[in-house]
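What follows is the content of start.csv (CSV, C-alpha atoms).
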chain,number,residue,atom,x,y,z
A,1,MET,CA,83.3,-139.6,8.6
A,2,THR,CA,86.4,-137.5,9.4
A,3,LEU,CA,86.0,-133.8,9.1
A,4,VAL,CA,88.8,-132.2,7.1
A,5,LEU,CA,89.7,-128.8,8.6
A,6,PRO,CA,91.4,-126.1,6.5
A,7,SER,CA,95.1,-125.7,6.8
A,8,TRP,CA,96.6,-122.6,8.3
A,9,SER,CA,97.5,-121.3,4.9
A,10,ASP,CA,94.1,-122.0,3.3
A,11,ALA,CA,92.4,-120.3,6.2
A,12,ARG,CA,94.7,-117.3,5.9
A,13,ARG,CA,93.9,-117.0,2.2
A,14,ALA,CA,90.2,-117.4,2.9
A,15,ALA,CA,90.2,-114.6,5.5
A,16,HIS,CA,92.0,-112.3,3.0
A,17,GLU,CA,89.5,-113.1,0.2
A,18,GLN,CA,86.5,-112.6,2.5
A,19,GLY,CA,87.9,-109.2,3.6
A,20,ALA,CA,88.4,-108.2,0.0
A,21,ARG,CA,84.9,-109.4,-1.0
A,22,LEU,CA,83.3,-107.6,1.9
A,23,ALA,CA,85.0,-104.4,1.0
A,24,ALA,CA,84.0,-104.6,-2.6
A,25,ASP,CA,80.4,-105.5,-1.7
A,26,SER,CA,80.1,-102.6,0.7
A,27,ALA,CA,81.6,-100.1,-1.8
A,28,ALA,CA,79.1,-101.3,-4.4
A,29,ALA,CA,76.1,-101.0,-2.0
A,30,ASP,CA,77.1,-97.6,-0.6
A,31,PRO,CA,79.4,-95.7,-3.0
A,32,GLY,CA,79.6,-92.9,-0.4
A,33,SER,CA,81.4,-95.2,2.0
A,34,GLY,CA,84.3,-95.8,-0.4
A,35,ALA,CA,87.7,-94.2,-0.8
A,36,VAL,CA,88.5,-90.6,0.4
A,37,ARG,CA,91.0,-88.1,-0.8
A,38,LEU,CA,93.4,-86.8,1.8
A,39,ASP,CA,96.5,-84.5,1.8
A,40,LEU,CA,99.8,-86.3,2.3
A,41,ALA,CA,100.2,-85.5,5.9
A,42,SER,CA,96.7,-86.8,6.8
A,43,ALA,CA,97.2,-89.9,4.7
A,44,LEU,CA,100.3,-91.1,6.4
A,45,GLY,CA,99.8,-94.8,7.5
A,46,ARG,CA,96.7,-95.2,5.3
A,47,THR,CA,96.3,-97.6,2.4
A,48,LEU,CA,96.2,-96.3,-1.2
A,49,ALA,CA,92.9,-97.0,-2.9
A,50,ALA,CA,94.4,-96.6,-6.4
A,51,ASP,CA,97.7,-96.5,-8.1
A,52,LEU,CA,99.6,-93.3,-7.3
A,53,LEU,CA,101.1,-91.6,-10.3
A,54,ALA,CA,103.9,-89.0,-10.3
A,55,ARG,CA,102.9,-85.6,-11.5
A,56,ALA,CA,106.5,-84.5,-12.5
A,57,ASP,CA,110.0,-85.8,-13.3
A,58,VAL,CA,112.4,-86.2,-10.3
A,59,PRO,CA,114.7,-84.4,-10.6
A,60,GLY,CA,112.9,-81.9,-12.8
A,61,HIS,CA,116.1,-80.8,-14.5
A,62,ASP,CA,119.7,-82.0,-15.1
A,63,GLY,CA,121.3,-81.1,-11.8
A,64,ALA,CA,124.7,-81.2,-10.1
A,65,ALA,CA,125.2,-84.3,-7.9
A,66,MET,CA,128.2,-82.6,-6.2
A,67,ASP,CA,129.5,-79.2,-5.2
A,68,GLY,CA,132.0,-78.1,-7.9
A,69,TRP,CA,132.0,-76.7,-11.4
A,70,ALA,CA,129.8,-77.5,-14.5
A,71,VAL,CA,132.3,-77.8,-17.4
A,72,ALA,CA,132.2,-78.2,-21.1
A,73,GLY,CA,135.1,-79.6,-23.1
A,74,PRO,CA,138.6,-80.3,-21.9
A,75,GLY,CA,140.2,-78.0,-19.3
A,76,PRO,CA,141.6,-75.7,-18.3
A,77,TRP,CA,138.3,-73.8,-18.2
A,78,VAL,CA,137.3,-70.1,-18.2
A,79,LEU,CA,135.1,-69.4,-15.1
A,80,GLY,CA,131.6,-68.0,-15.4
A,81,THR,CA,129.0,-66.9,-12.9
A,82,PRO,CA,127.9,-69.3,-10.1
A,83,ILE,CA,124.7,-71.4,-10.1
A,84,VAL,CA,123.0,-72.3,-6.9
A,85,ALA,CA,120.3,-74.8,-5.9
A,86,GLY,CA,116.9,-73.2,-6.6
A,87,ALA,CA,118.1,-71.2,-9.6
A,88,VAL,CA,116.0,-71.1,-12.8
A,89,PRO,CA,117.6,-73.4,-15.3
A,90,ALA,CA,119.7,-71.6,-17.9
A,91,ASP,CA,118.6,-71.5,-21.6
A,92,GLU,CA,122.0,-70.5,-22.8
A,93,PRO,CA,124.4,-73.5,-23.4
A,94,LEU,CA,127.7,-73.7,-21.6
A,95,ALA,CA,130.4,-73.0,-24.2
A,96,VAL,CA,133.2,-75.4,-24.7
A,97,GLY,CA,136.2,-74.5,-22.6
A,98,HIS,CA,134.0,-72.8,-20.0
A,99,ALA,CA,133.0,-73.7,-16.4
A,100,ARG,CA,130.5,-72.4,-13.9
A,101,PRO,CA,130.6,-73.0,-10.1
A,102,VAL,CA,127.6,-75.1,-9.0
A,103,THR,CA,126.2,-76.3,-5.7
A,104,THR,CA,124.6,-79.8,-5.1
A,105,GLY,CA,121.2,-79.9,-6.7
A,106,ALA,CA,121.7,-76.7,-8.8
A,107,PRO,CA,120.5,-77.0,-12.5
A,108,VAL,CA,123.4,-77.3,-14.9
A,109,PRO,CA,123.2,-75.4,-18.2
A,110,PRO,CA,122.7,-77.2,-21.5
A,111,GLY,CA,126.0,-78.4,-22.9
A,112,THR,CA,127.4,-79.4,-19.5
A,113,GLU,CA,129.6,-82.5,-20.0
A,114,ALA,CA,130.3,-83.1,-16.3
A,115,VAL,CA,130.5,-81.6,-12.9
A,116,VAL,CA,134.1,-81.5,-11.6
A,117,ARG,CA,134.0,-81.9,-7.8
A,118,SER,CA,135.4,-79.1,-5.6
A,119,GLU,CA,138.1,-81.4,-4.3
A,120,ASP,CA,139.2,-82.4,-7.8
A,121,ALA,CA,140.2,-79.0,-9.2
A,122,SER,CA,141.3,-75.5,-8.2
A,123,VAL,CA,141.5,-72.1,-9.7
A,124,ASP,CA,145.0,-71.0,-10.9
A,125,ASP,CA,146.6,-67.5,-10.6
A,126,GLU,CA,145.1,-66.5,-14.0
A,127,GLY,CA,141.6,-67.4,-12.8
A,128,ARG,CA,141.3,-70.6,-14.8
A,129,LEU,CA,139.9,-73.8,-13.5
A,130,ILE,CA,142.5,-76.6,-13.5
A,131,ARG,CA,141.7,-80.2,-12.8
A,132,HIS,CA,144.3,-82.0,-10.6
A,133,THR,CA,142.5,-85.3,-10.0
A,134,SER,CA,141.2,-87.4,-12.9
A,135,SER,CA,137.7,-88.9,-12.8
A,136,THR,CA,135.5,-90.7,-15.2
A,137,ARG,CA,132.3,-89.9,-13.3
A,138,ARG,CA,130.0,-87.3,-14.7
A,139,HIS,CA,128.4,-86.2,-11.4
A,140,VAL,CA,125.2,-85.0,-13.1
A,141,ARG,CA,121.8,-86.2,-12.2
A,142,PRO,CA,119.7,-86.3,-15.4
A,143,ALA,CA,116.1,-85.1,-15.4
A,144,GLY,CA,113.8,-88.0,-14.5
A,145,GLU,CA,116.6,-90.2,-13.2
A,146,GLU,CA,114.5,-91.2,-10.2
A,147,VAL,CA,111.0,-90.7,-11.3
A,148,THR,CA,109.3,-89.9,-14.7
A,149,ARG,CA,106.0,-88.1,-15.0
A,150,ASP,CA,103.0,-90.3,-14.9
A,151,GLN,CA,105.0,-93.3,-13.6
A,152,VAL,CA,103.3,-95.5,-11.1
A,153,LEU,CA,105.0,-94.6,-7.8
A,154,PHE,CA,103.1,-97.2,-5.7
A,155,PRO,CA,100.3,-99.5,-6.6
A,156,GLY,CA,96.9,-99.4,-4.9
A,157,GLY,CA,97.0,-101.4,-1.7
A,158,SER,CA,100.3,-100.0,-0.6
A,159,VAL,CA,100.6,-98.3,2.8
A,160,LEU,CA,101.7,-94.7,2.6
A,161,THR,CA,104.8,-94.7,4.7
A,162,PRO,CA,106.8,-91.5,5.5
A,163,PRO,CA,109.4,-92.3,2.8
A,164,ARG,CA,106.7,-93.0,0.3
A,165,ALA,CA,104.9,-89.8,1.2
A,166,ALA,CA,108.2,-87.9,0.8
A,167,LEU,CA,108.7,-89.4,-2.7
A,168,ALA,CA,105.1,-88.5,-3.6
A,169,ALA,CA,105.7,-84.9,-2.5
A,170,ALA,CA,109.0,-84.8,-4.5
A,171,SER,CA,107.0,-86.0,-7.5
A,172,GLY,CA,104.5,-83.1,-7.2
A,173,VAL,CA,101.7,-85.0,-5.5
A,174,ASP,CA,99.6,-83.1,-3.0
A,175,ASP,CA,96.8,-85.5,-2.1
A,176,VAL,CA,96.0,-89.2,-2.5
A,177,LEU,CA,93.0,-91.5,-2.6
A,178,VAL,CA,93.0,-93.8,0.4
A,179,ALA,CA,90.8,-96.8,1.4
A,180,PRO,CA,88.3,-96.3,4.2
A,181,VAL,CA,89.5,-97.6,7.6
A,182,PRO,CA,87.3,-100.6,8.7
A,183,THR,CA,85.8,-100.1,12.1
A,184,ALA,CA,86.1,-102.9,14.6
A,185,ARG,CA,84.5,-104.0,17.9
A,186,VAL,CA,86.0,-106.4,20.4
A,187,ALA,CA,83.8,-108.5,22.7
A,188,VAL,CA,85.5,-110.5,25.5
A,189,LEU,CA,83.3,-113.4,26.6
A,190,GLY,CA,83.3,-115.3,29.9
A,191,ASP,CA,82.0,-115.2,33.4
A,192,GLU,CA,85.4,-116.1,34.8
A,193,ILE,CA,87.1,-112.9,33.6
A,194,VAL,CA,87.9,-110.0,35.9
A,195,GLY,CA,89.2,-106.6,34.9
A,196,ALA,CA,91.6,-105.7,37.7
A,197,GLY,CA,93.6,-107.1,40.6
A,198,VAL,CA,94.6,-110.6,41.4
A,199,PRO,CA,92.0,-113.1,40.3
A,200,ARG,CA,90.7,-115.5,43.0
A,201,PRO,CA,90.9,-119.2,42.3
A,202,GLY,CA,88.5,-120.0,39.3
A,203,GLN,CA,88.9,-116.5,37.8
A,204,VAL,CA,91.4,-115.1,35.2
A,205,ARG,CA,92.4,-111.6,34.3
A,206,ASP,CA,91.1,-109.9,31.2
A,207,VAL,CA,94.1,-109.9,28.9
A,208,PHE,CA,92.3,-108.9,25.7
A,209,THR,CA,90.3,-105.7,26.3
A,210,HIS,CA,93.5,-103.5,26.3
A,211,THR,CA,95.6,-105.6,23.8
A,212,LEU,CA,93.4,-106.7,21.0
A,213,PRO,CA,92.4,-103.2,19.9
A,214,THR,CA,96.0,-102.2,19.7
A,215,VAL,CA,96.8,-105.2,17.5
A,216,LEU,CA,93.8,-104.4,15.3
A,217,ARG,CA,95.0,-100.8,15.0
A,218,VAL,CA,98.4,-102.0,13.9
A,219,PHE,CA,96.7,-104.1,11.2
A,220,GLY,CA,95.0,-100.9,10.0
A,221,ALA,CA,91.5,-101.2,11.5
A,222,ASP,CA,89.8,-98.7,13.8
A,223,PRO,CA,88.7,-100.4,17.0
A,224,VAL,CA,85.8,-98.1,18.2
A,225,ALA,CA,84.4,-100.2,21.1
A,226,THR,CA,85.2,-103.0,23.5
A,227,GLU,CA,82.9,-104.8,25.8
A,228,ARG,CA,82.6,-107.7,28.2
A,229,VAL,CA,79.9,-110.3,27.7
A,230,ALA,CA,78.7,-112.9,30.2
A,231,ASP,CA,78.5,-116.6,29.3
A,232,ASP,CA,74.8,-116.4,28.2
A,233,ALA,CA,73.4,-117.6,25.0
A,234,ASP,CA,70.8,-114.7,24.6
A,235,GLY,CA,73.4,-112.1,25.7
A,236,THR,CA,76.0,-113.4,23.2
A,237,ALA,CA,73.5,-113.4,20.3
A,238,ARG,CA,72.2,-109.9,21.3
A,239,VAL,CA,75.8,-108.4,21.2
A,240,LEU,CA,76.6,-110.0,17.9
A,241,ASP,CA,73.2,-109.0,16.4
A,242,ALA,CA,73.6,-105.3,17.5
A,243,ALA,CA,77.1,-104.9,16.0
A,244,GLN,CA,77.3,-102.3,13.2
A,245,GLU,CA,81.1,-102.3,12.8
A,246,ARG,CA,82.8,-103.8,9.7
A,247,LEU,CA,84.7,-106.3,11.9
A,248,VAL,CA,83.7,-107.9,15.2
A,249,VAL,CA,86.4,-109.8,17.1
A,250,THR,CA,85.3,-112.1,20.0
A,251,THR,CA,87.3,-114.1,22.5
A,252,GLY,CA,86.0,-117.3,24.1
A,253,GLY,CA,82.9,-119.4,23.6
A,254,THR,CA,84.0,-121.1,20.3
A,255,ALA,CA,84.4,-124.6,21.6
A,256,GLY,CA,81.6,-127.1,22.4
A,257,SER,CA,81.0,-126.9,26.1
A,258,SER,CA,77.8,-125.9,27.8
A,259,THR,CA,79.1,-122.3,28.2
A,260,ASP,CA,80.3,-121.9,24.6
A,261,HIS,CA,77.5,-119.9,22.9
A,262,VAL,CA,79.2,-118.3,19.9
A,263,ARG,CA,78.4,-120.9,17.3
A,264,GLY,CA,74.8,-120.9,18.3
A,265,ALA,CA,74.6,-117.1,18.4
A,266,LEU,CA,76.0,-116.8,14.9
A,267,ALA,CA,73.4,-119.2,13.6
A,268,ARG,CA,70.6,-117.3,15.5
A,269,ILE,CA,71.5,-114.0,13.9
A,270,GLY,CA,71.8,-115.5,10.4
A,271,ALA,CA,75.5,-115.3,10.0
A,272,GLU,CA,77.2,-117.5,7.4
A,273,LEU,CA,80.0,-119.6,8.7
A,274,LEU,CA,83.0,-119.2,6.4
A,275,VAL,CA,85.8,-120.9,8.3
A,276,ASP,CA,84.9,-123.5,10.9
A,277,ARG,CA,88.0,-124.3,12.9
A,278,VAL,CA,91.6,-124.5,11.5
A,279,ASP,CA,94.0,-127.5,11.5
A,280,VAL,CA,96.5,-125.9,13.9
A,281,ARG,CA,97.2,-125.9,17.5
A,282,PRO,CA,96.9,-123.7,19.4
A,283,GLY,CA,94.1,-121.8,17.8
A,284,ARG,CA,92.1,-124.7,16.3
A,285,PRO,CA,88.6,-123.5,17.5
A,286,VAL,CA,88.6,-120.2,15.5
A,287,LEU,CA,85.5,-119.3,13.5
A,288,LEU,CA,85.0,-116.8,10.7
A,289,ALA,CA,81.5,-115.7,9.7
A,290,ARG,CA,79.7,-113.0,7.9
A,291,ARG,CA,76.3,-111.3,8.0
A,292,GLY,CA,75.7,-108.5,5.6
A,293,SER,CA,78.4,-105.9,5.9
A,294,THR,CA,79.9,-107.3,9.1
A,295,VAL,CA,82.5,-110.1,9.4
A,296,PHE,CA,83.0,-111.9,12.7
A,297,LEU,CA,86.3,-113.3,13.7
A,298,CYS,CA,85.7,-115.5,16.8
A,299,LEU,CA,88.8,-116.5,18.7
A,300,PRO,CA,89.3,-119.1,21.4
A,301,GLY,CA,89.4,-118.0,25.0
A,302,ASN,CA,92.9,-119.2,25.9
A,303,PRO,CA,95.4,-116.3,25.5
A,304,MET,CA,98.0,-117.9,23.2
A,305,ALA,CA,95.3,-119.6,21.1
A,306,ALA,CA,93.5,-116.3,20.7
A,307,MET,CA,96.6,-114.4,19.7
A,308,VAL,CA,97.5,-117.1,17.2
A,309,GLY,CA,94.1,-116.9,15.6
A,310,LEU,CA,94.2,-113.1,15.5
A,311,VAL,CA,97.6,-113.1,13.9
A,312,LEU,CA,96.9,-115.9,11.4
A,313,LEU,CA,93.5,-114.7,10.3
A,314,GLY,CA,93.0,-111.2,11.6
A,315,GLY,CA,95.9,-109.7,9.8
A,316,PRO,CA,94.9,-111.1,6.4
A,317,LEU,CA,91.3,-110.2,7.0
A,318,VAL,CA,92.0,-106.5,7.7
A,319,ALA,CA,94.4,-106.5,4.8
A,320,GLY,CA,91.6,-107.7,2.5
A,321,LEU,CA,89.2,-105.1,3.9
A,322,LEU,CA,91.8,-102.4,3.1
A,323,GLY,CA,92.7,-103.7,-0.4
A,324,ARG,CA,96.2,-104.6,0.6
A,325,PRO,CA,97.8,-107.8,-0.8
A,326,LEU,CA,98.2,-110.9,1.4
A,327,GLU,CA,101.6,-110.6,3.1
A,328,PRO,CA,104.0,-113.4,2.0
A,329,THR,CA,105.3,-115.6,4.7
A,330,GLY,CA,108.8,-116.7,3.5
A,331,SER,CA,110.7,-119.2,5.6
A,332,VAL,CA,112.8,-119.5,8.7
A,333,ARG,CA,115.5,-122.2,9.4
A,334,LEU,CA,115.1,-124.4,12.5
A,335,ALA,CA,118.1,-124.3,14.8
A,336,VAL,CA,116.9,-127.4,16.7
A,337,ASP,CA,114.7,-130.4,16.1
A,338,VAL,CA,111.0,-129.6,16.8
A,339,PRO,CA,108.8,-132.7,17.3
A,340,ASN,CA,105.1,-132.7,16.4
A,341,ASP,CA,103.6,-136.1,16.8
A,342,ARG,CA,100.0,-135.0,16.5
A,343,PRO,CA,97.9,-134.2,13.4
A,344,GLY,CA,97.8,-130.7,12.1
A,345,ALA,CA,100.3,-127.9,12.2
A,346,LEU,CA,102.0,-126.8,15.4
A,347,VAL,CA,102.2,-123.0,15.8
A,348,LEU,CA,105.1,-122.0,18.1
A,349,ALA,CA,106.4,-118.7,19.2
A,350,HIS,CA,110.1,-118.6,18.3
A,351,ARG,CA,113.2,-116.6,19.1
A,352,THR,CA,115.9,-115.9,16.4
A,353,THR,CA,119.5,-117.1,17.1
A,354,PRO,CA,122.5,-117.0,14.8
A,355,GLU,CA,121.9,-120.7,14.1
A,356,GLY,CA,118.2,-120.1,13.3
A,357,ALA,CA,114.9,-120.2,15.1
A,358,VAL,CA,114.3,-121.9,18.4
A,359,PRO,CA,111.0,-122.4,20.2
A,360,ALA,CA,110.4,-119.9,23.0
A,361,SER,CA,109.9,-121.3,26.5
A,362,HIS,CA,106.6,-121.5,28.3
A,363,GLN,CA,104.1,-121.9,25.5
A,364,SER,CA,100.8,-123.6,25.3
A,365,SER,CA,97.3,-122.5,24.5
A,366,ALA,CA,96.9,-120.9,27.9
A,367,MET,CA,100.4,-119.4,28.3
A,368,LEU,CA,101.6,-115.9,27.1
A,369,ARG,CA,105.2,-115.9,28.4
A,370,GLY,CA,106.7,-117.5,25.3
A,371,LEU,CA,104.8,-115.1,23.0
A,372,ALA,CA,105.9,-112.1,25.1
A,373,ASP,CA,109.5,-113.0,24.4
A,374,ALA,CA,109.1,-114.1,20.8
A,375,ASP,CA,110.4,-112.7,17.5
A,376,GLY,CA,107.7,-114.4,15.5
A,377,LEU,CA,105.5,-117.5,15.0
A,378,MET,CA,106.6,-120.5,13.1
A,379,ILE,CA,104.5,-123.3,11.6
A,380,VAL,CA,105.8,-126.8,12.2
A,381,PRO,CA,104.0,-129.4,10.1
A,382,ALA,CA,102.7,-132.7,11.3
A,383,GLY,CA,105.6,-135.1,11.9
A,384,GLY,CA,107.8,-132.2,13.1
A,385,GLY,CA,110.8,-130.5,11.8
A,386,VAL,CA,114.6,-131.2,12.0
A,387,ALA,CA,117.4,-128.7,12.6
A,388,GLY,CA,118.4,-127.1,9.3
A,389,GLU,CA,115.0,-127.4,7.8
A,390,ASP,CA,113.0,-124.4,6.7
A,391,VAL,CA,109.5,-123.8,8.0
A,392,PRO,CA,107.0,-121.0,7.3
A,393,PRO,CA,107.1,-118.1,9.8
A,394,VAL,CA,104.3,-115.6,10.5
A,395,ARG,CA,105.3,-112.1,11.4
A,396,LEU,CA,104.1,-110.7,14.8
A,397,PRO,CA,102.5,-107.3,14.1
A,398,TRP,CA,104.0,-105.8,17.3
A,399,VAL,CA,107.6,-106.9,16.6
If you took the structure in this file and wrote it as structure tokens, what would it be?
Amino acid sequence: MTLVLPSWSDARRAAHEQGARLAADSAAADPGSGAVRLDLASALGRTLAADLLARADVPGHDGAAMDGWAVAGPGPWVLGTPIVAGAVPADEPLAVGHARPVTTGAPVPPGTEAVVRSEDASVDDEGRLIRHTSSTRRHVRPAGEEVTRDQVLFPGGSVLTPPRAALAAASGVDDVLVAPVPTARVAVLGDEIVGAGVPRPGQVRDVFTHTLPTVLRVFGADPVATERVADDADGTARVLDAAQERLVVTTGGTAGSSTDHVRGALARIGAELLVDRVDVRPGRPVLLARRGSTVFLCLPGNPMAAMVGLVLLGGPLVAGLLGRPLEPTGSVRLAVDVPNDRPGALVLAHRTTPEGAVPASHQSSAMLRGLADADGLMIVPAGGGVAGEDVPPVRLPWV
């Protein structure tokens, strides 16, 4: 019987759903571990745990969009006293045939029909305002033009970026409710891995300890620990069993050789296997499992395969834990023919040219050079793709 593996898109959705389910289960089991309220400065980069509502109209008054004069009726106009930005809005209407100098952002008085720009009019010898350039534009920003009070500024699951924080502040918001940051642990498995210097024949450098935490941080997680683990069944199970973080990411040990102990370790600690390999290459032997309030993302040991697994599943998983939506993939046009004569999807690092996407050089499951020079990943289906055809891309979090 042939085992049918999940596609890259099905595995991606499953990772997101499992993250969201774990977050909901954890919040229900421990309400104190849920959302927290932070001031805007402290909340930058965090994920909104609920819809963010405006507390005021923006602008809060009818205001001048240009430096010039607030006018009522046809000109020429009799000049009144100036109004500057920050002034208290006037209660007295502007009489027909009158004008008042205004600065950009200043509240215009009731009855203002338009703001005549400084460059479109001048004051004559009798002290009257005379328009010398015709214009049909009103140059008045009405109250609530940008935001109305109680309007949803951003839905829950949105990241509070600097422009969003600025708009929230302009709308009278001082603090926001944000999702808790999921903690993460990285475990790098393998006797052959060395941490410094030039590896001797039979050894490889550790390329994960200093990179995977950074990627997880970009996703929105908080990597609190990294460790190296020998190729030992008991040691692997012990490390996985002791983990208290919301997310544990491992590299290596997911295949079926005598030194691959991750699958057995997950079974020994009672973790439920949720995704058992994915129909892609590189990255096929990736595993996703859960035990209690911890989810395990177990990546292959080859560098490109591990990075593919982390990007394909790790990003959606953390997004689910944070309550963020699953990021859409879109499409990218192939600039050249890309063969794929093997079953399953081929994941390639690509560079973007004016003609479209081309595969980066030097890429296989064990290579990093192509990924280091890439603009993104692209998914080429079984059978390959031809120049001019659109294929799904996956954004690289560090690009």
Point (145.2, -77.0, -15.1), cut-off 10 Å, counting all atoms listed in the file, residues as a PyMOL selection string: chain A and resi 75-77+121-124+128-132
Atom pair CA of Pro325 (chain A) / CA of Leu53 (chain A): separation (Å):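 Distance reported for this atom pair: 19.1 Å.
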Show me, as a compact mmCIF listing (two decimals) with C-alpha atoms, in the coordinates of the input, the residues that have an atom within 8 Å of region 206-218 of chain A when counting only C-alpha atoms, minus same-chain residues fewer than 4 positions from it.
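This went into selection_2.txt:
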# COMPACT_ATOMS: atom_id res chain seq x y z
CA ALA A 184 86.10 -102.90 14.60
CA VAL A 186 86.00 -106.40 20.40
CA ALA A 187 83.80 -108.50 22.70
CA VAL A 188 85.50 -110.50 25.50
CA ILE A 193 87.10 -112.90 33.60
CA VAL A 194 87.90 -110.00 35.90
CA GLY A 195 89.20 -106.60 34.90
CA ALA A 196 91.60 -105.70 37.70
CA ASP A 222 89.80 -98.70 13.80
CA PRO A 223 88.70 -100.40 17.00
CA THR A 226 85.20 -103.00 23.50
CA GLU A 227 82.90 -104.80 25.80
CA THR A 251 87.30 -114.10 22.50
CA PRO A 303 95.40 -116.30 25.50
CA GLY A 314 93.00 -111.20 11.60
CA GLY A 315 95.90 -109.70 9.80
CA PRO A 397 102.50 -107.30 14.10
CA TRP A 398 104.00 -105.80 17.30
Gap from CA of Pro59 (chain A) to CA of Val78 (chain A) - Å, one decimal: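 Computing it gives 27.8 Å between the two atoms.
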For Met304 (chain A), the nearest of the candidates A:Met367, A:Ala243, A:Ala349, A:Leu94, counting only C-alpha atoms: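 With only C-alpha atoms as the atom set, the closest residue is A:Met367.
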Expected residue set, 10 Å radius at (115.5, -79.9, -17.2), all atoms listed in the file, as an MDAnalysis selection string: chainID A and resid 57:63 88:91 107:110 142:144
Close residues, Pro285 (chain A) itself excluded, 12 Å, all atoms listed in the file, min 5 positions apart in chain, as a VMD selection string: chain A and resid 5 to 6 251 to 257 260 262 to 263 275 to 280 297 to 302 305 to 306 308 to 310 365
Near-Ser331 (chain A) list (7 Å; all atoms listed in the file; drop same-chain fewer than 3 positions) as a list in words: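 Counting all atoms listed in the file, the residues come to Asp390, Val391, Pro392 and Pro393 of chain A.
The coordinates place CA of Leu326 (chain A) at 10.3 Å from CA of Ala20 (chain A).
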Quick one: 8 Å padding each side, axis-aligned, all listed atoms of region 331-338 of chain A - centre and edge lengths in Å to one decimal, as AutoDock Vina command-line options?
--center_x 114.4 --center_y -124.8 --center_z 11.2 --size_x 23.4 --size_y 27.2 --size_z 27.2
Who sits within 12 Å of Arg21 (chain A), all atoms listed in the file, same chain under 2 positions skipped, as number ranges by chain: A: 14-19, 23-28, 290, 292-295, 317-323
Best match for closeness to Pro339 (chain A) among A:Leu371, A:Arg185, A:Gly383, A:Thr236, counting only C-alpha atoms: A:Gly383
Residue neighbourhood Glu119 (chain A), 9 Å, only C-alpha atoms, exclusion window fewer than 4 positions, as a list in words: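 Contacts, with the query itself left out: Asp67, Gly68, His132 and Thr133 of chain A.
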Best match for closeness to Ala265 (chain A) among A:Gly376, A:Gly344, A:Pro359, A:Gly235, counting all atoms listed in the file: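 Checking each candidate against Ala265 (chain A), we get A:Gly235 as the closest.
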Please output region 89-100 of chain A, rebuilt to include N, CA and C atoms, as a PDB file, keeping the file's coordinate frame.
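New file out27.pdb:
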ATOM      1  N   PRO A  89     116.694 -72.832 -14.340  1.00  0.00           N
ATOM      2  CA  PRO A  89     117.600 -73.400 -15.300  1.00  0.00           C
ATOM      3  C   PRO A  89     117.943 -72.494 -16.454  1.00  0.00           C
ATOM      4  N   ALA A  90     119.207 -72.472 -16.835  1.00  0.00           N
ATOM      5  CA  ALA A  90     119.700 -71.600 -17.900  1.00  0.00           C
ATOM      6  C   ALA A  90     119.206 -72.086 -19.264  1.00  0.00           C
ATOM      7  N   ASP A  91     118.929 -71.133 -20.155  1.00  0.00           N
ATOM      8  CA  ASP A  91     118.600 -71.500 -21.600  1.00  0.00           C
ATOM      9  C   ASP A  91     119.869 -71.491 -22.400  1.00  0.00           C
ATOM     10  N   GLU A  92     120.832 -70.641 -22.051  1.00  0.00           N
ATOM     11  CA  GLU A  92     122.000 -70.500 -22.800  1.00  0.00           C
ATOM     12  C   GLU A  92     122.996 -71.651 -22.585  1.00  0.00           C
ATOM     13  N   PRO A  93     123.471 -72.334 -23.619  1.00  0.00           N
ATOM     14  CA  PRO A  93     124.400 -73.500 -23.400  1.00  0.00           C
ATOM     15  C   PRO A  93     125.724 -72.992 -22.846  1.00  0.00           C
ATOM     16  N   LEU A  94     126.351 -73.912 -22.134  1.00  0.00           N
ATOM     17  CA  LEU A  94     127.700 -73.700 -21.600  1.00  0.00           C
ATOM     18  C   LEU A  94     128.681 -73.902 -22.758  1.00  0.00           C
ATOM     19  N   ALA A  95     129.459 -72.873 -23.074  1.00  0.00           N
ATOM     20  CA  ALA A  95     130.400 -73.000 -24.200  1.00  0.00           C
ATOM     21  C   ALA A  95     131.549 -73.886 -23.881  1.00  0.00           C
ATOM     22  N   VAL A  96     132.085 -74.526 -24.896  1.00  0.00           N
ATOM     23  CA  VAL A  96     133.200 -75.400 -24.700  1.00  0.00           C
ATOM     24  C   VAL A  96     134.411 -74.572 -24.185  1.00  0.00           C
ATOM     25  N   GLY A  97     135.089 -75.144 -23.184  1.00  0.00           N
ATOM     26  CA  GLY A  97     136.200 -74.500 -22.600  1.00  0.00           C
ATOM     27  C   GLY A  97     135.796 -73.558 -21.416  1.00  0.00           C
ATOM     28  N   HIS A  98     134.534 -73.595 -21.049  1.00  0.00           N
ATOM     29  CA  HIS A  98     134.000 -72.800 -20.000  1.00  0.00           C
ATOM     30  C   HIS A  98     133.527 -73.607 -18.816  1.00  0.00           C
ATOM     31  N   ALA A  99     133.462 -72.985 -17.646  1.00  0.00           N
ATOM     32  CA  ALA A  99     133.000 -73.700 -16.400  1.00  0.00           C
ATOM     33  C   ALA A  99     132.195 -72.661 -15.600  1.00  0.00           C
ATOM     34  N   ARG A 100     131.218 -73.197 -14.821  1.00  0.00           N
ATOM     35  CA  ARG A 100     130.500 -72.400 -13.900  1.00  0.00           C
ATOM     36  C   ARG A 100     130.398 -73.068 -12.543  1.00  0.00           C
TER      37      ARG A 100
END
